[in-house]
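See below for my_file.txt, which holds compact mmCIF, N, CA and C atoms.
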# COMPACT_ATOMS: atom_id res chain seq x y z
N LEU W 1 -60.76 -2.02 -139.33
CA LEU W 1 -61.87 -1.14 -139.01
C LEU W 1 -61.41 0.04 -138.18
N ALA W 2 -60.51 -0.25 -137.25
CA ALA W 2 -59.97 0.84 -136.43
C ALA W 2 -59.19 1.81 -137.31
N SER W 3 -58.41 1.31 -138.24
CA SER W 3 -57.66 2.18 -139.15
C SER W 3 -58.60 3.02 -140.00
N GLU W 4 -59.66 2.41 -140.52
CA GLU W 4 -60.63 3.15 -141.32
C GLU W 4 -61.28 4.27 -140.51
N ASP W 5 -61.48 4.03 -139.22
CA ASP W 5 -62.05 5.06 -138.34
C ASP W 5 -61.01 6.05 -137.85
N GLU W 6 -59.74 5.81 -138.26
CA GLU W 6 -58.61 6.62 -137.79
C GLU W 6 -58.53 6.64 -136.27
N ALA W 7 -58.84 5.48 -135.69
CA ALA W 7 -58.78 5.33 -134.24
C ALA W 7 -57.36 5.01 -133.81
N ASP W 8 -57.01 5.42 -132.60
CA ASP W 8 -55.69 5.13 -132.06
C ASP W 8 -55.56 3.68 -131.59
N ARG W 9 -56.71 3.05 -131.31
CA ARG W 9 -56.68 1.66 -130.86
C ARG W 9 -57.96 0.95 -131.26
N ILE W 10 -57.93 -0.34 -131.15
CA ILE W 10 -59.10 -1.16 -131.48
C ILE W 10 -60.08 -1.07 -130.31
N GLU W 11 -61.29 -0.68 -130.64
CA GLU W 11 -62.34 -0.52 -129.63
C GLU W 11 -63.33 -1.67 -129.73
N PRO W 12 -64.13 -1.89 -128.66
CA PRO W 12 -65.13 -2.97 -128.70
C PRO W 12 -66.07 -2.93 -129.91
N PRO W 13 -66.53 -1.77 -130.37
CA PRO W 13 -67.39 -1.79 -131.57
C PRO W 13 -66.68 -2.34 -132.82
N HIS W 14 -65.37 -2.11 -132.93
CA HIS W 14 -64.61 -2.66 -134.05
C HIS W 14 -64.60 -4.19 -133.96
N LEU W 15 -64.37 -4.70 -132.77
CA LEU W 15 -64.34 -6.15 -132.58
C LEU W 15 -65.71 -6.77 -132.85
N GLU W 16 -66.76 -6.13 -132.38
CA GLU W 16 -68.11 -6.66 -132.57
C GLU W 16 -68.48 -6.68 -134.06
N THR W 17 -68.15 -5.62 -134.78
CA THR W 17 -68.43 -5.57 -136.22
C THR W 17 -67.66 -6.68 -136.93
N ALA W 18 -66.41 -6.86 -136.58
CA ALA W 18 -65.60 -7.91 -137.19
C ALA W 18 -66.16 -9.29 -136.88
N ARG W 19 -66.58 -9.51 -135.63
CA ARG W 19 -67.17 -10.80 -135.24
C ARG W 19 -68.42 -11.10 -136.04
N THR W 20 -69.28 -10.11 -136.19
CA THR W 20 -70.54 -10.33 -136.91
C THR W 20 -70.32 -10.53 -138.40
N ASP W 21 -69.19 -10.09 -138.91
CA ASP W 21 -68.90 -10.24 -140.33
C ASP W 21 -68.46 -11.66 -140.70
N VAL W 22 -68.08 -12.45 -139.72
CA VAL W 22 -67.64 -13.82 -139.98
C VAL W 22 -68.89 -14.71 -140.05
N PRO W 23 -69.16 -15.28 -141.23
CA PRO W 23 -70.38 -16.09 -141.38
C PRO W 23 -70.32 -17.37 -140.55
N ASP W 24 -71.48 -17.78 -140.05
CA ASP W 24 -71.57 -19.09 -139.43
C ASP W 24 -71.24 -20.12 -140.50
N ASP W 25 -70.50 -21.14 -140.16
CA ASP W 25 -70.12 -22.18 -141.11
C ASP W 25 -69.42 -21.59 -142.33
N GLY W 26 -68.62 -20.55 -142.10
CA GLY W 26 -67.92 -19.88 -143.18
C GLY W 26 -66.65 -20.60 -143.58
N VAL W 27 -65.97 -20.03 -144.57
CA VAL W 27 -64.69 -20.57 -145.03
C VAL W 27 -63.61 -19.53 -144.76
N HIS W 28 -62.38 -19.98 -144.71
CA HIS W 28 -61.26 -19.09 -144.46
C HIS W 28 -61.14 -18.09 -145.61
N VAL W 29 -60.81 -16.86 -145.29
CA VAL W 29 -60.67 -15.81 -146.28
C VAL W 29 -59.64 -16.17 -147.35
N ALA W 30 -58.70 -17.03 -147.01
CA ALA W 30 -57.67 -17.44 -147.97
C ALA W 30 -58.27 -18.12 -149.20
N ARG W 31 -59.41 -18.79 -149.04
CA ARG W 31 -60.06 -19.43 -150.20
C ARG W 31 -60.49 -18.40 -151.22
N ALA W 32 -61.00 -17.27 -150.77
CA ALA W 32 -61.40 -16.20 -151.68
C ALA W 32 -60.17 -15.51 -152.26
N LEU W 33 -59.14 -15.35 -151.45
CA LEU W 33 -57.92 -14.66 -151.89
C LEU W 33 -57.10 -15.51 -152.87
N ALA W 34 -57.32 -16.81 -152.89
CA ALA W 34 -56.58 -17.69 -153.79
C ALA W 34 -57.17 -17.70 -155.21
N LEU W 35 -58.31 -17.07 -155.39
CA LEU W 35 -58.97 -17.05 -156.70
C LEU W 35 -58.27 -16.07 -157.64
N SER W 36 -58.58 -16.19 -158.91
CA SER W 36 -58.02 -15.27 -159.91
C SER W 36 -58.50 -13.85 -159.61
N ALA W 37 -57.77 -12.87 -160.14
CA ALA W 37 -58.11 -11.46 -159.92
C ALA W 37 -59.53 -11.16 -160.42
N THR W 38 -59.91 -11.74 -161.55
CA THR W 38 -61.25 -11.49 -162.09
C THR W 38 -62.33 -12.00 -161.14
N ARG W 39 -62.15 -13.18 -160.62
CA ARG W 39 -63.14 -13.73 -159.69
C ARG W 39 -63.14 -12.95 -158.37
N GLN W 40 -61.97 -12.48 -157.93
CA GLN W 40 -61.92 -11.65 -156.72
C GLN W 40 -62.69 -10.35 -156.94
N ARG W 41 -62.61 -9.78 -158.15
CA ARG W 41 -63.37 -8.55 -158.44
C ARG W 41 -64.86 -8.81 -158.38
N VAL W 42 -65.28 -9.99 -158.86
CA VAL W 42 -66.70 -10.36 -158.78
C VAL W 42 -67.12 -10.45 -157.32
N LEU W 43 -66.28 -11.06 -156.48
CA LEU W 43 -66.59 -11.16 -155.05
C LEU W 43 -66.63 -9.79 -154.39
N LEU W 44 -65.70 -8.90 -154.77
CA LEU W 44 -65.71 -7.54 -154.23
C LEU W 44 -67.01 -6.82 -154.59
N ALA W 45 -67.41 -6.95 -155.84
CA ALA W 45 -68.66 -6.31 -156.26
C ALA W 45 -69.85 -6.92 -155.53
N LEU W 46 -69.82 -8.22 -155.32
CA LEU W 46 -70.92 -8.89 -154.62
C LEU W 46 -71.10 -8.33 -153.22
N VAL W 47 -70.00 -8.15 -152.48
CA VAL W 47 -70.13 -7.63 -151.12
C VAL W 47 -70.37 -6.12 -151.11
N ASP W 48 -70.12 -5.48 -152.24
CA ASP W 48 -70.31 -4.03 -152.34
C ASP W 48 -71.76 -3.66 -152.65
N ILE W 49 -72.51 -4.55 -153.28
CA ILE W 49 -73.91 -4.26 -153.61
C ILE W 49 -74.83 -4.90 -152.59
N ASP W 50 -76.04 -4.41 -152.52
CA ASP W 50 -77.03 -5.01 -151.61
C ASP W 50 -77.58 -6.26 -152.29
N SER W 51 -77.10 -7.40 -151.85
CA SER W 51 -77.46 -8.64 -152.52
C SER W 51 -78.64 -9.37 -151.87
N SER W 52 -79.08 -8.89 -150.73
CA SER W 52 -80.14 -9.61 -150.02
C SER W 52 -81.43 -9.61 -150.84
N ASP W 53 -82.02 -10.78 -150.93
CA ASP W 53 -83.30 -10.98 -151.61
C ASP W 53 -83.28 -10.62 -153.09
N ARG W 54 -82.11 -10.66 -153.72
CA ARG W 54 -82.01 -10.43 -155.16
C ARG W 54 -81.60 -11.73 -155.83
N PRO W 55 -82.34 -12.16 -156.84
CA PRO W 55 -81.98 -13.40 -157.53
C PRO W 55 -80.62 -13.30 -158.20
N ILE W 56 -80.01 -14.44 -158.42
CA ILE W 56 -78.67 -14.50 -159.01
C ILE W 56 -78.62 -13.73 -160.32
N ARG W 57 -79.65 -13.84 -161.14
CA ARG W 57 -79.66 -13.15 -162.43
C ARG W 57 -79.52 -11.64 -162.24
N GLU W 58 -80.23 -11.07 -161.26
CA GLU W 58 -80.14 -9.63 -160.98
C GLU W 58 -78.76 -9.27 -160.44
N LEU W 59 -78.25 -10.09 -159.55
CA LEU W 59 -76.91 -9.84 -159.00
C LEU W 59 -75.87 -9.85 -160.11
N ALA W 60 -75.96 -10.82 -161.00
CA ALA W 60 -75.00 -10.92 -162.10
C ALA W 60 -75.07 -9.68 -162.99
N SER W 61 -76.27 -9.19 -163.26
CA SER W 61 -76.42 -7.97 -164.08
C SER W 61 -75.82 -6.76 -163.39
N ALA W 62 -76.04 -6.64 -162.08
CA ALA W 62 -75.50 -5.51 -161.32
C ALA W 62 -73.98 -5.57 -161.27
N ILE W 63 -73.42 -6.75 -161.11
CA ILE W 63 -71.97 -6.91 -161.06
C ILE W 63 -71.38 -6.65 -162.45
N ALA W 64 -72.02 -7.16 -163.49
CA ALA W 64 -71.53 -6.96 -164.86
C ALA W 64 -71.53 -5.48 -165.23
N ALA W 65 -72.49 -4.72 -164.72
CA ALA W 65 -72.56 -3.29 -165.01
C ALA W 65 -71.36 -2.54 -164.45
N ARG W 66 -70.67 -3.14 -163.48
CA ARG W 66 -69.49 -2.52 -162.86
C ARG W 66 -68.19 -3.01 -163.48
N SER W 67 -68.28 -3.81 -164.53
CA SER W 67 -67.06 -4.39 -165.11
C SER W 67 -67.23 -4.54 -166.61
N SER W 68 -66.23 -5.13 -167.24
CA SER W 68 -66.32 -5.42 -168.66
C SER W 68 -66.84 -6.84 -168.91
N LEU W 69 -67.19 -7.54 -167.85
CA LEU W 69 -67.73 -8.89 -167.97
C LEU W 69 -69.19 -8.85 -168.38
N THR W 70 -69.64 -9.90 -169.04
CA THR W 70 -71.06 -10.00 -169.39
C THR W 70 -71.82 -10.59 -168.20
N ALA W 71 -73.11 -10.36 -168.19
CA ALA W 71 -73.95 -10.93 -167.12
C ALA W 71 -73.87 -12.46 -167.15
N GLY W 72 -73.78 -13.04 -168.34
CA GLY W 72 -73.67 -14.50 -168.45
C GLY W 72 -72.39 -15.03 -167.82
N THR W 73 -71.28 -14.31 -168.03
CA THR W 73 -70.00 -14.72 -167.44
C THR W 73 -70.07 -14.60 -165.92
N VAL W 74 -70.63 -13.52 -165.43
CA VAL W 74 -70.74 -13.34 -163.98
C VAL W 74 -71.64 -14.42 -163.38
N THR W 75 -72.74 -14.73 -164.05
CA THR W 75 -73.63 -15.79 -163.58
C THR W 75 -72.86 -17.11 -163.47
N ARG W 76 -72.09 -17.42 -164.50
CA ARG W 76 -71.29 -18.65 -164.49
C ARG W 76 -70.31 -18.63 -163.32
N PHE W 77 -69.64 -17.48 -163.12
CA PHE W 77 -68.70 -17.36 -162.00
C PHE W 77 -69.41 -17.59 -160.67
N LEU W 78 -70.60 -16.99 -160.49
CA LEU W 78 -71.32 -17.12 -159.22
C LEU W 78 -71.68 -18.58 -158.95
N TYR W 79 -72.16 -19.29 -159.96
CA TYR W 79 -72.47 -20.71 -159.77
C TYR W 79 -71.20 -21.52 -159.48
N GLU W 80 -70.13 -21.21 -160.18
CA GLU W 80 -68.85 -21.89 -159.97
C GLU W 80 -68.34 -21.65 -158.54
N LEU W 81 -68.41 -20.40 -158.09
CA LEU W 81 -67.94 -20.05 -156.74
C LEU W 81 -68.82 -20.70 -155.67
N ALA W 82 -70.10 -20.86 -155.97
CA ALA W 82 -70.98 -21.57 -155.04
C ALA W 82 -70.61 -23.06 -155.00
N ASP W 83 -70.30 -23.63 -156.15
CA ASP W 83 -69.88 -25.04 -156.18
C ASP W 83 -68.59 -25.25 -155.41
N ARG W 84 -67.71 -24.25 -155.44
CA ARG W 84 -66.44 -24.33 -154.69
C ARG W 84 -66.62 -24.04 -153.20
N GLY W 85 -67.79 -23.56 -152.80
CA GLY W 85 -68.05 -23.28 -151.39
C GLY W 85 -67.61 -21.91 -150.92
N VAL W 86 -67.19 -21.04 -151.83
CA VAL W 86 -66.75 -19.70 -151.43
C VAL W 86 -67.96 -18.81 -151.14
N ILE W 87 -69.02 -19.01 -151.92
CA ILE W 87 -70.30 -18.35 -151.65
C ILE W 87 -71.35 -19.44 -151.52
N GLU W 88 -72.50 -19.10 -150.99
CA GLU W 88 -73.53 -20.10 -150.77
C GLU W 88 -74.80 -19.69 -151.48
N ARG W 89 -75.40 -20.64 -152.20
CA ARG W 89 -76.70 -20.40 -152.82
C ARG W 89 -77.77 -20.54 -151.75
N VAL W 90 -78.67 -19.57 -151.71
CA VAL W 90 -79.75 -19.55 -150.73
C VAL W 90 -81.06 -19.37 -151.49
N GLN W 91 -82.01 -20.25 -151.23
CA GLN W 91 -83.30 -20.16 -151.91
C GLN W 91 -84.06 -18.91 -151.47
N LEU W 92 -84.66 -18.24 -152.43
CA LEU W 92 -85.52 -17.09 -152.14
C LEU W 92 -86.95 -17.59 -152.07
N SER W 93 -87.77 -16.89 -151.32
CA SER W 93 -89.17 -17.30 -151.26
C SER W 93 -89.81 -17.03 -152.62
N SER W 94 -90.59 -17.99 -153.07
CA SER W 94 -91.25 -17.89 -154.36
C SER W 94 -92.42 -16.92 -154.26
N SER W 95 -92.59 -16.10 -155.28
CA SER W 95 -93.67 -15.12 -155.24
C SER W 95 -94.88 -15.59 -156.03
N GLY W 96 -95.64 -16.45 -155.41
CA GLY W 96 -96.95 -16.83 -155.92
C GLY W 96 -96.99 -17.67 -157.17
N HIS W 97 -97.06 -17.07 -158.33
CA HIS W 97 -97.42 -17.74 -159.57
C HIS W 97 -96.26 -18.38 -160.30
N ASN W 98 -95.09 -18.37 -159.74
CA ASN W 98 -93.92 -18.92 -160.41
C ASN W 98 -93.98 -20.45 -160.38
N SER W 99 -94.15 -21.06 -161.54
CA SER W 99 -94.23 -22.52 -161.59
C SER W 99 -92.90 -23.15 -161.96
N GLY W 100 -91.88 -22.33 -162.23
CA GLY W 100 -90.56 -22.84 -162.59
C GLY W 100 -89.71 -23.11 -161.37
N ARG W 101 -88.42 -23.12 -161.60
CA ARG W 101 -87.45 -23.36 -160.54
C ARG W 101 -87.49 -22.22 -159.53
N GLN W 102 -87.40 -22.55 -158.25
CA GLN W 102 -87.40 -21.53 -157.21
C GLN W 102 -86.13 -20.69 -157.32
N PRO W 103 -86.28 -19.35 -157.33
CA PRO W 103 -85.09 -18.50 -157.48
C PRO W 103 -84.19 -18.58 -156.26
N SER W 104 -82.91 -18.32 -156.50
CA SER W 104 -81.96 -18.31 -155.39
C SER W 104 -81.06 -17.09 -155.50
N THR W 105 -80.42 -16.77 -154.39
CA THR W 105 -79.44 -15.70 -154.34
C THR W 105 -78.14 -16.32 -153.84
N VAL W 106 -77.12 -15.52 -153.69
CA VAL W 106 -75.86 -16.02 -153.13
C VAL W 106 -75.41 -15.12 -152.00
N GLU W 107 -74.75 -15.73 -151.04
CA GLU W 107 -74.21 -15.01 -149.90
C GLU W 107 -72.75 -15.42 -149.71
N PRO W 108 -71.91 -14.46 -149.36
CA PRO W 108 -70.50 -14.80 -149.10
C PRO W 108 -70.38 -15.74 -147.91
N ARG W 109 -69.45 -16.68 -148.00
CA ARG W 109 -69.14 -17.58 -146.89
C ARG W 109 -67.81 -17.21 -146.26
N TYR W 110 -67.20 -16.13 -146.72
CA TYR W 110 -65.92 -15.64 -146.22
C TYR W 110 -66.17 -14.30 -145.53
N PRO W 111 -65.31 -13.89 -144.61
CA PRO W 111 -65.49 -12.59 -143.95
C PRO W 111 -65.18 -11.45 -144.92
N ALA W 112 -66.19 -10.70 -145.28
CA ALA W 112 -66.06 -9.65 -146.30
C ALA W 112 -65.09 -8.55 -145.87
N ILE W 113 -65.10 -8.18 -144.61
CA ILE W 113 -64.21 -7.10 -144.14
C ILE W 113 -62.76 -7.50 -144.33
N ALA W 114 -62.43 -8.71 -143.92
CA ALA W 114 -61.06 -9.20 -144.07
C ALA W 114 -60.70 -9.32 -145.55
N PHE W 115 -61.63 -9.81 -146.37
CA PHE W 115 -61.37 -9.95 -147.79
C PHE W 115 -61.09 -8.59 -148.44
N ARG W 116 -61.93 -7.59 -148.15
CA ARG W 116 -61.71 -6.24 -148.70
C ARG W 116 -60.34 -5.70 -148.30
N SER W 117 -59.97 -5.96 -147.06
CA SER W 117 -58.70 -5.45 -146.53
C SER W 117 -57.48 -6.15 -147.13
N LEU W 118 -57.61 -7.44 -147.42
CA LEU W 118 -56.45 -8.23 -147.83
C LEU W 118 -56.29 -8.41 -149.33
N THR W 119 -57.36 -8.25 -150.10
CA THR W 119 -57.23 -8.45 -151.55
C THR W 119 -56.37 -7.36 -152.17
N THR W 120 -55.68 -7.73 -153.23
CA THR W 120 -54.83 -6.76 -153.92
C THR W 120 -55.53 -6.19 -155.15
N VAL W 121 -56.75 -6.64 -155.44
CA VAL W 121 -57.49 -6.11 -156.58
C VAL W 121 -58.47 -5.05 -156.11
N SER W 122 -58.95 -4.26 -157.06
CA SER W 122 -59.98 -3.28 -156.73
C SER W 122 -61.03 -3.28 -157.82
N LEU W 123 -62.17 -2.71 -157.53
CA LEU W 123 -63.24 -2.65 -158.52
C LEU W 123 -62.88 -1.72 -159.67
N ASP W 124 -61.90 -0.85 -159.47
CA ASP W 124 -61.48 0.07 -160.53
C ASP W 124 -60.57 -0.61 -161.55
N ASP W 125 -60.00 -1.77 -161.17
CA ASP W 125 -59.14 -2.51 -162.09
C ASP W 125 -60.00 -3.12 -163.21
N ALA W 126 -59.41 -3.34 -164.35
CA ALA W 126 -60.12 -4.01 -165.43
C ALA W 126 -59.89 -5.50 -165.31
N PRO W 127 -60.79 -6.35 -165.66
CA PRO W 127 -62.16 -6.12 -166.13
C PRO W 127 -63.10 -5.90 -164.99

Before anything else, please render the file you have as structure tokens.
Amino acid sequence: LASEDEADRIEPPHLETARTDVPDDGVHVARALALSATRQRVLLALVDIDSSDRPIRELASAIAARSSLTAGTVTRFLYELADRGVIERVQLSSSGHNSGRQPSTVEPRYPAIAFRSLTTVSLDDAP
């Protein structure tokens, strides 16, 4: 963060931002970095878009629009990554008349700032 700000040294706001980026009950960033390049790109896109209060289906479509992956493949990846504990499924509040399954979203369980800094893939890479 200090480098991104072109600061000469690490300041308290850099430390506070980094501290807040580490999720409670999170996992080590190495778990995300150990994934395949394609799955790392999905994680990069996830932290790059505003995922709060968006159902998994919407997130998958938004991530797929940034890659050559289909929304179905991204959805499968998101569920797989949640099963592995890299991201967490979080129930969304149901909006009234929905009698089906309660929608959920996903949230990273790894520190996104560290992941962005340490990954060797980028969103510009294919797929």

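Among the candidates W:Ala34, W:Leu123, W:Ile63, W:Val90, the one nearest to W:Pro103 when counting all atoms listed in the file is W:Val90.
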
Per residue of stretch 47-116 of chain W within 6 Å of stretch 14-25 of chain W, which atom pair is closest and at what distance in Å (one decimal), using only N, CA and C atoms, listed by chain and increasing number, as a tab-separated table?
residue	atom	partner	partner_atom	distance
W:Arg109	C	W:Pro23	N	5.6
W:Tyr110	C	W:Pro23	N	5.3
W:Pro111	CA	W:Asp21	C	4.5
W:Ala112	N	W:Asp21	C	5.2

Could you give me, as a ChimeraX atom specification, the residues within 8 Å of W:Thr119, counting only N, CA and C atoms and dropping anything in the same chain fewer than 3 positions from it? /W:32-33,40,113-116,122

Any chance you can output those residues with N, CA and C atoms as an mmCIF file, in the coordinates of the input?
data_model
loop_
_atom_site.group_PDB
_atom_site.id
_atom_site.type_symbol
_atom_site.label_atom_id
_atom_site.label_comp_id
_atom_site.auth_asym_id
_atom_site.auth_seq_id
_atom_site.Cartn_x
_atom_site.Cartn_y
_atom_site.Cartn_z
ATOM 1 N N ALA W 32 -61.000 -17.270 -150.770
ATOM 2 C CA ALA W 32 -61.400 -16.200 -151.680
ATOM 3 C C ALA W 32 -60.170 -15.510 -152.260
ATOM 4 N N LEU W 33 -59.140 -15.350 -151.450
ATOM 5 C CA LEU W 33 -57.920 -14.660 -151.890
ATOM 6 C C LEU W 33 -57.100 -15.510 -152.870
ATOM 7 N N GLN W 40 -61.970 -12.480 -157.930
ATOM 8 C CA GLN W 40 -61.920 -11.650 -156.720
ATOM 9 C C GLN W 40 -62.690 -10.350 -156.940
ATOM 10 N N ILE W 113 -65.100 -8.180 -144.610
ATOM 11 C CA ILE W 113 -64.210 -7.100 -144.140
ATOM 12 C C ILE W 113 -62.760 -7.500 -144.330
ATOM 13 N N ALA W 114 -62.430 -8.710 -143.920
ATOM 14 C CA ALA W 114 -61.060 -9.200 -144.070
ATOM 15 C C ALA W 114 -60.700 -9.320 -145.550
ATOM 16 N N PHE W 115 -61.630 -9.810 -146.370
ATOM 17 C CA PHE W 115 -61.370 -9.950 -147.790
ATOM 18 C C PHE W 115 -61.090 -8.590 -148.440
ATOM 19 N N ARG W 116 -61.930 -7.590 -148.150
ATOM 20 C CA ARG W 116 -61.710 -6.240 -148.700
ATOM 21 C C ARG W 116 -60.340 -5.700 -148.300
ATOM 22 N N SER W 122 -58.950 -4.260 -157.060
ATOM 23 C CA SER W 122 -59.980 -3.280 -156.730
ATOM 24 C C SER W 122 -61.030 -3.280 -157.820
#

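Taking atom CA of W:Gly85 as the reference point, atom CA of W:Ile49 is found at 20.0 Å.
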
Axis-aligned box over every listed atom of stretch 20-23 of chain W, padded by 4 Å per side: centre and edges in Å to one decimal, as JSON?
{"center_x": -69.1, "center_y": -13.7, "center_z": -138.8, "size_x": 10.9, "size_y": 15.3, "size_z": 13.2}

Do you have the atom CA of W:Thr120-atom CA of W:Glu4 distance handy? 17.0 Å
